Amino acid sequence: MPSLFVLCEAYGRGPSGQDNETITPTDLIAEAYERLTPEDQLTIKQLAAARPPQPDTNILRMPRGVAQPDPYDPLGTRQLPARRSDQVGTDFTLTVPTIEYGNPDITLFTLPNARPGLLDLTWETFGYGVDRLSQQIKSLGRRLDVDICFGVNEAGLVMATFLASARFSRCPIGYLRCNKIRDGIELDVASLYPDAKEAPTIVVCDFEVKHADNIGYLTHELRARYPKAELYFAVFGAMTKSRNLDVTRFDDLTGAKIMRAASFEAVFVAATMGPPGIEPPLELR
């Protein structure tokens, strides 16, 4: 364990030794686990399940009335989870399309709206949803090395910025600015397409998926510009076909057929919503 603390300190200081990022032993172990092959990950899970729990006799015993320290974070540096917003409903698990040998089960939350009209999200809810997407990506089953993270319009661009920084090693960020036309959408000339290697891995971030096949048009354009690209999709809100927001099947989402047709490698969804939908903070587009 002491050697892990030394590694945490070294990684936290960065290559130049000037950074001050907080990294815990749990972060290092999780990072190493994500780099393993699916077969090795399954082996570790099987061994862990077969091993009976052992009492930890090395935990420092504190006087009565004093809280016990976390044995995995004795210095108290572990990052706290994102705060749950009052707008957030219940958590539930949904099986979604994913990579081969990947984890198909994601945990998302409902966004109930008792009032007529759009649900105006707070920054707290928006951040909570982006953090949920980050956790889903981390639990994919293998490390996701991304070449470009695209944001659809301004709300998607905010999502892409946070995810690129937190989960994708600050990869280049692209911008898909969409203009509405009579029969759908078209991409504005202000859209930004970073250069990438051949057959890049791309994550597309969008704020919501309803009925319109906008994502089908966008993926077609991206594949034309980046041949043989592997596309992943991260969406904040997905509309359900019924009033029941904690759906049991992926096909209970109104955009399920659209997302399947886009042939994504994997899909990540932060929350479900009912009609007419949700509105991002500051009415970002």
# chains A, B, ... in the order shown; residues from 1 in each chain; ligands from 1

call {"tool": "closest_atom_pairs", "arguments": {"of": "segment 199-221 of chain A", "to": "segment 144-156 of chain A", "cutoff": "7 Å", "atoms": "only C-alpha atoms", "output": "Markdown table"}}
result
| residue | atom | partner | partner_atom | distance |
| --- | --- | --- | --- | --- |
| A:Pro200 | CA | A:Asp147 | CA | 5.9 |
| A:Thr201 | CA | A:Val146 | CA | 5.1 |
| A:Ile202 | CA | A:Ile148 | CA | 5.0 |
| A:Val203 | CA | A:Cys149 | CA | 4.8 |
| A:Val204 | CA | A:Phe150 | CA | 4.8 |
| A:Cys205 | CA | A:Gly151 | CA | 4.8 |
| A:Asp206 | CA | A:Gly156 | CA | 4.6 |
| A:Phe207 | CA | A:Gly156 | CA | 5.4 |

call {"tool": "select_by_dssp", "arguments": {"residues": "segment 163-262 of chain A", "states": "strand (DSSP E)", "output": "ChimeraX atom specification"}}
result
/A:173-176,178-181,184-187,201-209,230-239

call {"tool": "select_by_dssp", "arguments": {"residues": "segment 72-251 of chain A", "states": "helix (DSSP H, G or I)", "output": "PyMOL selection string"}}
result
chain A and resi 123-138+153-166+214-225+250-251

call {"tool": "residues_around", "arguments": {"residues": "segment 117-122 of chain A", "least_positions_apart": "4", "cutoff": "8 Å", "atoms": "only C-alpha atoms", "output": "MDAnalysis selection string"}}
result
chainID A and resid 87 113 126 275:281

call {"tool": "residues_around", "arguments": {"residues": "Ser134 of chain A", "least_positions_apart": "5", "cutoff": "9 Å", "atoms": "only C-alpha atoms", "output": "PyMOL selection string"}}
result
chain A and resi 129+139+162-163+166-167

call {"tool": "write_last_selection", "arguments": {"atoms": "N, CA and C atoms", "output": "PDB file, in the first residue's frame"}}
result
ATOM      1  N   GLY A 129     -25.758  14.727 -14.778  1.00  0.00           N
ATOM      2  CA  GLY A 129     -25.921  13.850 -15.932  1.00  0.00           C
ATOM      3  C   GLY A 129     -24.619  13.605 -16.676  1.00  0.00           C
ATOM      4  N   SER A 139     -17.139   2.353 -17.092  1.00  0.00           N
ATOM      5  CA  SER A 139     -17.565   0.976 -16.835  1.00  0.00           C
ATOM      6  C   SER A 139     -17.825   0.198 -18.117  1.00  0.00           C
ATOM      7  N   PHE A 162     -16.299  18.557 -21.157  1.00  0.00           N
ATOM      8  CA  PHE A 162     -16.095  17.916 -19.860  1.00  0.00           C
ATOM      9  C   PHE A 162     -15.637  16.467 -20.020  1.00  0.00           C
ATOM     10  N   LEU A 163     -16.267  15.719 -20.923  1.00  0.00           N
ATOM     11  CA  LEU A 163     -15.909  14.312 -21.088  1.00  0.00           C
ATOM     12  C   LEU A 163     -14.507  14.156 -21.671  1.00  0.00           C
ATOM     13  N   ALA A 166     -12.218  14.838 -18.663  1.00  0.00           N
ATOM     14  CA  ALA A 166     -12.298  13.903 -17.540  1.00  0.00           C
ATOM     15  C   ALA A 166     -12.040  12.460 -17.932  1.00  0.00           C
ATOM     16  N   ARG A 167     -12.387  12.075 -19.162  1.00  0.00           N
ATOM     17  CA  ARG A 167     -12.373  10.655 -19.505  1.00  0.00           C
ATOM     18  C   ARG A 167     -11.507  10.309 -20.707  1.00  0.00           C
TER      19      ARG A 167
END

call {"tool": "closest_residue", "arguments": {"among": "A:Glu265, A:Glu208, A:Asp195, A:Asp91", "to": "Thr107 of chain A", "atoms": "only C-alpha atoms"}}
result
A:Asp91

call {"tool": "closest_residue", "arguments": {"among": "A:Ile23, A:Cys178, A:Leu94, A:Ala160", "to": "Glu9 of chain A", "atoms": "only C-alpha atoms"}}
result
A:Ile23

call {"tool": "residues_around", "arguments": {"residues": "segment 181-190 of chain A", "least_positions_apart": "3", "cutoff": "10 Å", "atoms": "only C-alpha atoms", "output": "list in words"}}
result
Val152, Asn153, Tyr175, Leu176, Arg177, Cys178, Tyr193, Ala212, Asp213, Asn214, Ile215, Tyr217, Leu218 and Glu221 of chain A

call {"tool": "write_last_selection", "arguments": {"atoms": "N, CA and C atoms", "output": "PDB file, in the first residue's frame"}}
result
ATOM      1  N   VAL A 152     -22.638  18.080 -30.361  1.00  0.00           N
ATOM      2  CA  VAL A 152     -23.698  18.528 -31.268  1.00  0.00           C
ATOM      3  C   VAL A 152     -24.320  19.794 -30.694  1.00  0.00           C
ATOM      4  N   ASN A 153     -24.161  20.895 -31.394  1.00  0.00           N
ATOM      5  CA  ASN A 153     -24.621  22.206 -30.933  1.00  0.00           C
ATOM      6  C   ASN A 153     -23.962  22.570 -29.600  1.00  0.00           C
ATOM      7  N   TYR A 175     -16.944  20.174 -33.237  1.00  0.00           N
ATOM      8  CA  TYR A 175     -18.192  20.922 -33.041  1.00  0.00           C
ATOM      9  C   TYR A 175     -19.085  20.719 -34.257  1.00  0.00           C
ATOM     10  N   LEU A 176     -20.285  20.193 -34.027  1.00  0.00           N
ATOM     11  CA  LEU A 176     -21.268  19.996 -35.084  1.00  0.00           C
ATOM     12  C   LEU A 176     -22.412  20.984 -34.867  1.00  0.00           C
ATOM     13  N   ARG A 177     -22.359  22.084 -35.577  1.00  0.00           N
ATOM     14  CA  ARG A 177     -23.402  23.106 -35.444  1.00  0.00           C
ATOM     15  C   ARG A 177     -24.497  22.822 -36.465  1.00  0.00           C
ATOM     16  N   CYS A 178     -25.690  22.565 -35.971  1.00  0.00           N
ATOM     17  CA  CYS A 178     -26.792  22.147 -36.838  1.00  0.00           C
ATOM     18  C   CYS A 178     -27.782  23.288 -37.046  1.00  0.00           C
ATOM     19  N   TYR A 193     -13.973  20.359 -37.513  1.00  0.00           N
ATOM     20  CA  TYR A 193     -13.589  18.967 -37.702  1.00  0.00           C
ATOM     21  C   TYR A 193     -12.080  18.816 -37.484  1.00  0.00           C
ATOM     22  N   ALA A 212     -36.872  12.562 -34.255  1.00  0.00           N
ATOM     23  CA  ALA A 212     -36.209  12.923 -35.508  1.00  0.00           C
ATOM     24  C   ALA A 212     -34.874  12.196 -35.651  1.00  0.00           C
ATOM     25  N   ASP A 213     -34.572  11.802 -36.875  1.00  0.00           N
ATOM     26  CA  ASP A 213     -33.340  11.056 -37.141  1.00  0.00           C
ATOM     27  C   ASP A 213     -32.187  12.012 -37.443  1.00  0.00           C
ATOM     28  N   ASN A 214     -31.953  12.961 -36.549  1.00  0.00           N
ATOM     29  CA  ASN A 214     -30.832  13.884 -36.743  1.00  0.00           C
ATOM     30  C   ASN A 214     -29.496  13.169 -36.601  1.00  0.00           C
ATOM     31  N   ILE A 215     -29.433  12.230 -35.667  1.00  0.00           N
ATOM     32  CA  ILE A 215     -28.157  11.562 -35.414  1.00  0.00           C
ATOM     33  C   ILE A 215     -27.763  10.679 -36.598  1.00  0.00           C
ATOM     34  N   TYR A 217     -28.239  11.439 -39.765  1.00  0.00           N
ATOM     35  CA  TYR A 217     -27.613  12.361 -40.722  1.00  0.00           C
ATOM     36  C   TYR A 217     -26.202  12.717 -40.278  1.00  0.00           C
ATOM     37  N   LEU A 218     -26.021  12.980 -38.986  1.00  0.00           N
ATOM     38  CA  LEU A 218     -24.709  13.382 -38.478  1.00  0.00           C
ATOM     39  C   LEU A 218     -23.686  12.254 -38.599  1.00  0.00           C
ATOM     40  N   GLU A 221     -22.492  11.951 -42.154  1.00  0.00           N
ATOM     41  CA  GLU A 221     -21.526  12.984 -42.503  1.00  0.00           C
ATOM     42  C   GLU A 221     -20.160  12.698 -41.877  1.00  0.00           C
TER      43      GLU A 221
END

call {"tool": "residues_around", "arguments": {"residues": "Thr93 of chain A", "least_positions_apart": "4", "cutoff": "8 Å", "atoms": "only C-alpha atoms", "output": "list in words"}}
result
Asp105, Ile106, Thr107, Leu108 and Thr248 of chain A

call {"tool": "write_last_selection", "arguments": {"atoms": "N, CA and C atoms", "output": "PDB file, in the first residue's frame"}}
result
ATOM      1  N   ASP A 105     -24.872  -3.141 -19.511  1.00  0.00           N
ATOM      2  CA  ASP A 105     -25.797  -2.577 -18.524  1.00  0.00           C
ATOM      3  C   ASP A 105     -25.296  -1.222 -18.026  1.00  0.00           C
ATOM      4  N   ILE A 106     -26.136  -0.215 -18.159  1.00  0.00           N
ATOM      5  CA  ILE A 106     -25.805   1.117 -17.660  1.00  0.00           C
ATOM      6  C   ILE A 106     -26.834   1.526 -16.611  1.00  0.00           C
ATOM      7  N   THR A 107     -26.410   2.376 -15.700  1.00  0.00           N
ATOM      8  CA  THR A 107     -27.318   2.928 -14.692  1.00  0.00           C
ATOM      9  C   THR A 107     -27.630   4.367 -15.066  1.00  0.00           C
ATOM     10  N   LEU A 108     -28.887   4.652 -15.289  1.00  0.00           N
ATOM     11  CA  LEU A 108     -29.313   5.996 -15.633  1.00  0.00           C
ATOM     12  C   LEU A 108     -30.414   6.440 -14.686  1.00  0.00           C
ATOM     13  N   THR A 248     -37.746  -0.799 -19.219  1.00  0.00           N
ATOM     14  CA  THR A 248     -37.055  -2.074 -19.017  1.00  0.00           C
ATOM     15  C   THR A 248     -36.308  -2.541 -20.262  1.00  0.00           C
TER      16      THR A 248
END

call {"tool": "closest_residue", "arguments": {"among": "A:Ser242, A:Thr161, A:Thr110, A:Thr254", "to": "Thr272 of chain A", "atoms": "only C-alpha atoms"}}
result
A:Thr110

call {"tool": "atom_distance", "arguments": {"atom1": "atom CA of Ala32 of chain A", "atom2": "atom CA of Arg143 of chain A"}}
result
9.3 Å

call {"tool": "residues_around", "arguments": {"residues": "segment 249-253 of chain A", "least_positions_apart": "5", "cutoff": "6 Å", "atoms": "only C-alpha atoms", "output": "mmCIF file with C-alpha atoms, in the first residue's frame"}}
result
data_model
loop_
_atom_site.group_PDB
_atom_site.id
_atom_site.type_symbol
_atom_site.label_atom_id
_atom_site.label_comp_id
_atom_site.auth_asym_id
_atom_site.auth_seq_id
_atom_site.Cartn_x
_atom_site.Cartn_y
_atom_site.Cartn_z
ATOM 1 C CA VAL A 96 -27.958 -0.925 -24.272
ATOM 2 C CA MET A 239 -37.380 10.237 -24.605
ATOM 3 C CA THR A 240 -39.535 7.240 -23.701
ATOM 4 C CA LYS A 241 -42.499 5.914 -25.670
#

call {"tool": "atom_distance", "arguments": {"atom1": "atom CA of Pro104 of chain A", "atom2": "atom CA of Arg225 of chain A"}}
result
28.7 Å

call {"tool": "atom_distance", "arguments": {"atom1": "atom CA of Pro194 of chain A", "atom2": "atom CA of Leu282 of chain A"}}
result
27.1 Å
